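Asker: Take this structure first; my questions come after.
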Amino acid sequence: MSFRTRQASCARHSIGGWTKGRLIYANTQPPKVAKAIASSQQVRLEYTVQEYSSYCGSYHPHNIRVNKPSDQSSRWSSGTHDQTQYLILRLDRPAVACSIVFGKYQRAHVCNLREFKVYGGMDPNDMVELLHSGLQNTPEPETFPMVYSIRNLVFPVQYIKIIPLATFGPNFNYSIWYLELRGVSDTELMARVMDDYQNYRETETLRLCLKHFRQRNMMDLFYVIKNRTGVDLEHPFLTELHQHLVLNSDFDEAERVLEEAHKRGFFEEFITNTEYTPCWKRIWATTTDGDAPCGRGGHQMCIDPDEEKIYLFGGWNGEHDLADLWCYSIRQEHWELLSTNTENQGGPSPRSCHKICFDPETRSIFVLGKFVDPSIAAADGNSLDSDFYRYFVDFDQWVKMSDNTARQGGPGLLFDHQMCIDAKSCEIFVFGGRLSGEANGFSYGPLYSFHIPTNTWRLIRYTTRLLDNDKSLLSRVGHSMLFDPTSHALYIFAGQRIKDYMTDLCRYHLDEDRLVDLGCDYAKRFGPKTGFAQRATIDSARQEIHVFVGHRRRQATDTIVNEFWIYDIEQRKWKTIYQSDKPNNTGEYPSPRFAHEMVYNPSNHTEYIFGGNPGDAGTNMHGGDLNRRLADFWELQLIKPDPASIYRKCLLMIRMQHLRELCRMANTYKPADGGVCNETLLALEYLQSKVATIVDHNIPEEARQFRQLCAQLCLSSDNNEDSKEPSEESAGTGSFEERTQLFDKILEYLPAAMKEPTGQLLDAVKLV
């Protein structure tokens with residue numbers, strides 16, 4: 001379809017609309033070409049090395065065109081190790097680049113790219129990011145898919161730029177052994193891609209012109225271009241908002257349009273893409289007697305989400321194991337000591353490194369495992385049998401489920417394992433952990449399930465059995481495992497196996513007996529760094545995994561930090577929310593720690609963290625007090641704006657602008673006798689009834705602007721000595737620029753597909 005024909009079609013149809021709550025924006029390429037590209041067979045794209053930053057010795061960039069994995073010299077190696085190194089490849093002809101293949105040396109190599117970026121475009125000086133990833137330090141070739149379409153617009157490339165960012169060995173030069181580009185270069189299909197791409201560029205150029213003229217209130221030129229070409233600058237909804245707010249100064253109608261935006265969910269995309277704000281708060285709760293849990297590490301907590309109660313059991317206080325049971329009420333902000341020693345009530349003996357989980361259906365807590373030092377187990381008569389307990393919270397009653405789960409087909413005595421529950425199917429899942437009493441410490445537990453109604457164990461998966469795609473579910477210790485009721489799957493990641501610190505992330509589908517690899521090295525792919533005994537929770541409704549890292553290991557060095565990460569399950573992306581490696585001297589946030597415990601309350605989207613081993617200079621890791629344990633209790637609230645707060649904020653901005661213009665009018669019409677004019681009274685009434693009622697004085701910037709407007713209204717009568725007619729320039733041009741800026745601020749909260757182009761026409765002007 002030609003540009004003129006397509007524009008005529010656009011002129012006859014709305015640029016967008018809403019269907020089943022989803023925005024449909026017609027100013028994008030029809031999906032036919034995108035579908036054709038997706039279904040086409042990818043071929044190798046021939047290229048030459050157009051440009052490079054540097055190279056070392058005989059390691060010339062041209063070597064990457066030949067795949068010789070056994071030849072150590074067949075590679076490009078940069079001349080230096082800095083962030084300015086790059087390669088630019090030129091395709092023999094324009095194509096759609098769908099994937100990139102990295103060949104490697106036959107053994108792991110310190111110069112392999114642990115992190116890199118790939119850009120592409122038709123001009124080497126105008127490229128977009130196609131890929132941001134990293135290699136595994138293995139000899140196997142790796143293939144990465146690249147971005148080749150944006151909102152169904154398939155774009156061609158002729159230039160590819162690779163920027164290395166990090167190697168596996170610190171301060172080593174970057175090396176690429178072999179590069180292969182794959183995509184679609186079919187002549188007929190590429191003609192369609194190029195035609196649509198050119199139409200897109202012409203349309204965007206016209207939209208930039210429309211944006212430029214409208215921002216400068218040159219509406220005669222704006223309408224000439226719009227009516228001549230049929231190109232729309234934005235979604236009609238925004239055009240209506242601009243007409244009322246910026247051009248007509250009709251604030252009431254602007255508020256009506258904004259209210260409609262709120263009702264139709266236009267703010268949802270902004271909220272989804274907004275990062276969480278972490279809000280730490282120290283909890284100083286005690287019992288009625290003023291008691292609280294003592295400092296400990298290796299303890300366990302679980303939460304009753306319906307009653308919003310947290311249960312804490314056991315741990316190591318630095319000198320001996322504990323068997324006390326506590327309950328914290330989130331609603332009442334109050335601790336209750338349920339037992340000083342559960343063994344006296346027929347419950348479990350003192351222990352640490354065990355696991356507990358809460359069953360909301362039967363309102364009971366299950367306890368499994370403990371650490372027993374093999375060197376003293378025989379001397380003090382400690383049994384290595386794996387006992388299993390259940391506590392009914394409503395009856396304050398312990399029941400011993402088993403003296404030895406191994407004799408019933410379950411696991412042996414484990415420690416640092418993981419346990420979670422599927423309340424709907426009445427199943428408990430246990431995976432990993434070391435077997436207590438083993439001298440070498442390298443015997444790990446496989447994956448088990450326990451059926452609560454029948455009191456039976458079932459072995460689900462041995463470590464050594466391979467799953468699909470030759471991937472095995474490797475047992476480990478100090479890992480995390482979470483159950484997601486939405487997908488009925490287990491998420492397993494991190495931990496330690498023998499001497500290796502693992503950085504895999506996988507999802508095990510219980511119904512299908514299927515393992516899905518979500519990232520064989522998530523630390524390399526911009527997730528938490530390699531660590532041990534991190535704490536994790538899951539928000540099934542939001543499809544998020546929350547990870548609180550304490551013990552971090554890299555290059556054989558142990559570091560204690562506080563890092564909070566969120567993994568978006570649907571987008572398969574990690575985001576860091578909070579990082580700190582400094583001791584807490586202000587009380588505003590917790591000090592770095594490990595062996596702590598964390599539970600999540602989905603009702604208020606808040607994490608609760610208690611105790612652990614300190615990570616400051618007074619710990620055993622730094623030659624300090626070996627027995628010191630933390631007893632502080634924290635909540636971490638993950639805050640995001642909601643649609644109502646965004647709507648209130650935009651509404652307040654509109655009303656403040658309206659008040660500013662009323663103040664100007666009041667200042668202009670000041671009576672000669674020094675009295676108060678009707679415009680001043682109108683502005684005062686508007687301030688009281690419309691602005692003051694929605695200002696949030698807890699937000700400093702809002703409170704400051706409100707006080708400023710109050711002062712402007714009160715002092716306006718002193719600014720002019722004589723009454724005069726309104727100035728067209730002051731009431732027009734100045735206010736127009738302010739309203740234009742206000743419109744741009746409101747646009748920040750609306751979907752990208754609705755808005756005008758982000759660029760500026762002036763940016764196209766170059767001096768040379």
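Each chain of the structure tokens is named A, B, ... in the order shown, its residues numbered from 1; ligands are numbered from 1 in display order.
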Do a neighbour search on Glu748 (chain A) at 12 Å with only C-alpha atoms, toss out local chain neighbours closer than 2 positions, and write the hits as a PyMOL selection string.
Answerer: chain A and resi 266-267+269-271+273-274+646+649-650+741-746+750-756+758
Asker: Kindly save the residues from that selection, with N, CA and C atoms included, as a compact mmCIF listing (two decimals), in the first residue's frame.
Answerer:
```
# COMPACT_ATOMS: atom_id res chain seq x y z
N PHE A 266 -6.76 4.12 31.58
CA PHE A 266 -5.62 4.60 30.80
C PHE A 266 -4.33 4.68 31.62
N PHE A 267 -4.44 4.70 32.95
CA PHE A 267 -3.25 4.84 33.79
C PHE A 267 -2.59 3.50 34.13
N GLU A 269 -1.06 1.16 32.36
CA GLU A 269 0.25 0.87 31.76
C GLU A 269 1.36 1.58 32.52
N PHE A 270 1.13 2.82 32.90
CA PHE A 270 2.14 3.56 33.67
C PHE A 270 2.42 2.87 34.99
N ILE A 271 1.36 2.43 35.68
CA ILE A 271 1.53 1.78 36.97
C ILE A 271 2.29 0.47 36.81
N ASN A 273 4.53 -0.30 34.63
CA ASN A 273 5.94 -0.05 34.31
C ASN A 273 6.67 0.74 35.39
N THR A 274 5.95 1.19 36.41
CA THR A 274 6.58 1.96 37.48
C THR A 274 7.31 1.04 38.46
N ILE A 646 -2.97 8.52 40.75
CA ILE A 646 -2.53 9.18 39.52
C ILE A 646 -3.60 10.16 39.06
N LYS A 649 -3.54 13.22 41.23
CA LYS A 649 -2.37 14.07 40.96
C LYS A 649 -2.59 14.90 39.69
N CYS A 650 -3.11 14.26 38.63
CA CYS A 650 -3.37 14.99 37.39
C CYS A 650 -4.46 16.03 37.59
N GLN A 741 3.00 22.77 28.93
CA GLN A 741 3.85 21.99 29.83
C GLN A 741 3.01 21.07 30.72
N LEU A 742 1.85 21.55 31.16
CA LEU A 742 0.95 20.73 31.95
C LEU A 742 0.45 19.54 31.14
N PHE A 743 0.09 19.77 29.90
CA PHE A 743 -0.36 18.68 29.02
C PHE A 743 0.74 17.62 28.87
N ASP A 744 1.98 18.08 28.71
CA ASP A 744 3.10 17.14 28.58
C ASP A 744 3.28 16.32 29.86
N LYS A 745 3.06 16.94 31.01
CA LYS A 745 3.18 16.21 32.27
C LYS A 745 2.10 15.14 32.39
N ILE A 746 0.89 15.46 31.98
CA ILE A 746 -0.19 14.47 32.03
C ILE A 746 0.09 13.32 31.08
N LEU A 750 0.08 8.32 30.59
CA LEU A 750 -0.81 7.68 29.62
C LEU A 750 -0.04 6.71 28.74
N PRO A 751 -0.72 5.74 28.13
CA PRO A 751 -0.03 4.70 27.33
C PRO A 751 0.77 5.30 26.19
N ALA A 752 1.95 4.72 25.94
CA ALA A 752 2.85 5.22 24.90
C ALA A 752 2.20 5.19 23.53
N ALA A 753 1.36 4.16 23.26
CA ALA A 753 0.75 4.02 21.94
C ALA A 753 -0.26 5.12 21.65
N MET A 754 -0.72 5.83 22.67
CA MET A 754 -1.71 6.89 22.47
C MET A 754 -1.05 8.22 22.15
N LYS A 755 0.22 8.38 22.51
CA LYS A 755 0.81 9.71 22.59
C LYS A 755 1.46 10.15 21.29
N GLU A 756 1.77 11.43 21.24
CA GLU A 756 2.53 12.01 20.15
C GLU A 756 3.95 11.46 20.14
N THR A 758 7.91 10.96 20.62
CA THR A 758 8.73 11.45 21.73
C THR A 758 9.81 12.43 21.28
```
Asker: A:Leu208, A:Ile356, A:Leu130, A:Ile100: which is nearest Val599 (chain A), counting only C-alpha atoms?
Answerer: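 Of A:Leu208, A:Ile356, A:Leu130, A:Ile100, the one nearest Val599 (chain A), counting only C-alpha atoms, is A:Ile356.
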Asker: Determine the nearest neighbour of Gly445 (chain A) from the options A:Leu181, A:Ile460, A:Val372, A:Ile163, counting only C-alpha atoms.
Answerer: A:Ile460
Asker: Check the smallest atom-to-atom distance from each of A:Val765, A:Ile176, A:Ile160, A:Lys640 to His62 (chain A) using only C-alpha atoms, then report the winner.
Answerer: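 Using only C-alpha atoms, the shortest distance to His62 (chain A) belongs to A:Ile176.
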Asker: Leaving out His81 (chain A) and any residue of its chain fewer than 2 positions from it, which residues lie within 7 Å of it when counting only C-alpha atoms, given as a list in words?
Answerer: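 The filter keeps Asn171, Phe172, Asn173 and Tyr174 of chain A.
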Asker: Within 10 Å of region 396-405 of chain A, which residues of region 442-465 of chain A come that close, and what is the closest atom pair and distance in Å for each? Count only C-alpha atoms and give it as JSON lines.
Answerer:
```
{"residue": "A:Asn455", "atom": "CA", "partner": "A:Met401", "partner_atom": "CA", "distance": 8.0}
{"residue": "A:Thr456", "atom": "CA", "partner": "A:Thr405", "partner_atom": "CA", "distance": 9.5}
{"residue": "A:Trp457", "atom": "CA", "partner": "A:Thr405", "partner_atom": "CA", "distance": 8.1}
```
Asker: Could you work out how far CA of Thr559 (chain A) lies from CA of Asn613 (chain A), giving the answer in Å with one decimal?
Answerer: 12.6 Å
Asker: So that I can see what lies close to Gly121 (chain A), please list as a list in words the residues with an atom at most 8 Å from it, counting only C-alpha atoms and leaving out residues fewer than 2 positions away in the same chain.
Answerer: Tyr119, Asp123, Pro124, Asp126, Met127, Val128, Pro156, Val157, Gln158, Tyr159 and Ile160 of chain A
Asker: Enumerate as a PyMOL selection string all residues of region 196-364 of chain A assigned to alpha helix (DSSP H) by DSSP on the backbone, naming them with the chain letters and numbers the document uses.
Answerer: chain A and resi 196-215+219-229+236-242+251-263+268-273
Asker: Excluding region 182-189 of chain A and any residue of its chain fewer than 5 positions from it, enumerate the residues within 6 Å of it, using only C-alpha atoms, and give them as a list in words.
Answerer: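 These residues fall inside the cut-off: Gln42, Val43, Arg44, Leu45, Ala95, Val96, Ala97, Cys98 and Ser99 of chain A.
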Asker: As a ChimeraX atom specification, list the residues of region 27-95 of chain A assigned to strand (DSSP E) by DSSP on the backbone atoms of this structure.
Answerer: /A:43-45,47-52,76-77,87-95
Asker: Can you pull out the residues contacting Gln688 (chain A)? Cut-off 12 Å, using only C-alpha atoms, and skip same-chain residues under 5 positions away; I want them as a count of residues only.
Answerer: 13
Asker: Counting only C-alpha atoms, give me one row per residue of region 571-615 of chain A with an atom at most 12 Å from an atom of region 493-510 of chain A, showing the shortest contact pair and its distance in Å to one decimal, sorted by chain then residue number, as a tab-separated table.
Answerer:
```
residue	atom	partner	partner_atom	distance
A:Arg572	CA	A:Leu505	CA	10.5
A:Lys573	CA	A:Leu505	CA	11.7
A:Trp574	CA	A:Leu505	CA	11.5
```
Asker: Using only C-alpha atoms, which residue out of A:Thr340, A:Gln637, A:Gln571, A:Asn227 lies closest to Ala292 (chain A)?
Answerer: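 For Ala292 (chain A), the nearest of the given residues is A:Thr340.
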Asker: Considering only C-alpha atoms, return as a list of chain:residue names whatever protein or nucleic-acid residues lie within 9 Å of Gly550 (chain A), sequence-local ones (same chain, fewer than 2 positions apart) excluded.
Answerer: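 The neighbour list is A:Gly531, A:Phe532, A:Ala533, A:Gln534, A:Arg535, A:Phe548, A:Arg552, A:Thr559, A:Ile560, A:Val561, A:Asn562, A:Glu563, A:Pro592, A:Arg593, A:Phe594, A:Ala595, A:His596, A:Gly615.
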Asker: Generate the output file for the selected residues, C-alpha atoms, as a PDB file, in the first residue's frame.
Answerer:
```pdb
ATOM      1  CA  GLY A 531      24.730 -16.223  46.600  1.00  0.00           C
ATOM      2  CA  PHE A 532      23.644 -18.653  49.271  1.00  0.00           C
ATOM      3  CA  ALA A 533      20.667 -18.959  51.642  1.00  0.00           C
ATOM      4  CA  GLN A 534      18.773 -16.053  50.097  1.00  0.00           C
ATOM      5  CA  ARG A 535      15.159 -15.698  51.209  1.00  0.00           C
ATOM      6  CA  PHE A 548      16.142 -10.851  49.651  1.00  0.00           C
ATOM      7  CA  ARG A 552      26.804 -13.051  48.152  1.00  0.00           C
ATOM      8  CA  THR A 559      30.227 -10.500  51.018  1.00  0.00           C
ATOM      9  CA  ILE A 560      27.277  -9.686  53.265  1.00  0.00           C
ATOM     10  CA  VAL A 561      24.827  -7.244  51.690  1.00  0.00           C
ATOM     11  CA  ASN A 562      21.151  -6.360  51.652  1.00  0.00           C
ATOM     12  CA  GLU A 563      19.707  -6.668  48.152  1.00  0.00           C
ATOM     13  CA  PRO A 592      23.237  -6.438  56.085  1.00  0.00           C
ATOM     14  CA  ARG A 593      22.672 -10.009  57.283  1.00  0.00           C
ATOM     15  CA  PHE A 594      22.301 -13.654  56.333  1.00  0.00           C
ATOM     16  CA  ALA A 595      20.514 -16.678  57.847  1.00  0.00           C
ATOM     17  CA  HIS A 596      17.535 -14.389  58.480  1.00  0.00           C
ATOM     18  CA  GLY A 615      27.166  -8.730  58.352  1.00  0.00           C
TER      19      GLY A 615
END
```
Asker: Between CA of Lys424 (chain A) and CA of Ser364 (chain A), what distance in Å does the model show, to one decimal?
Answerer: 14.3 Å
Asker: From the options A:Tyr200, A:Tyr608, A:Trp177, A:Tyr328, which residue's atoms come nearest to Val154 (chain A), counting only C-alpha atoms?
Answerer: A:Tyr200
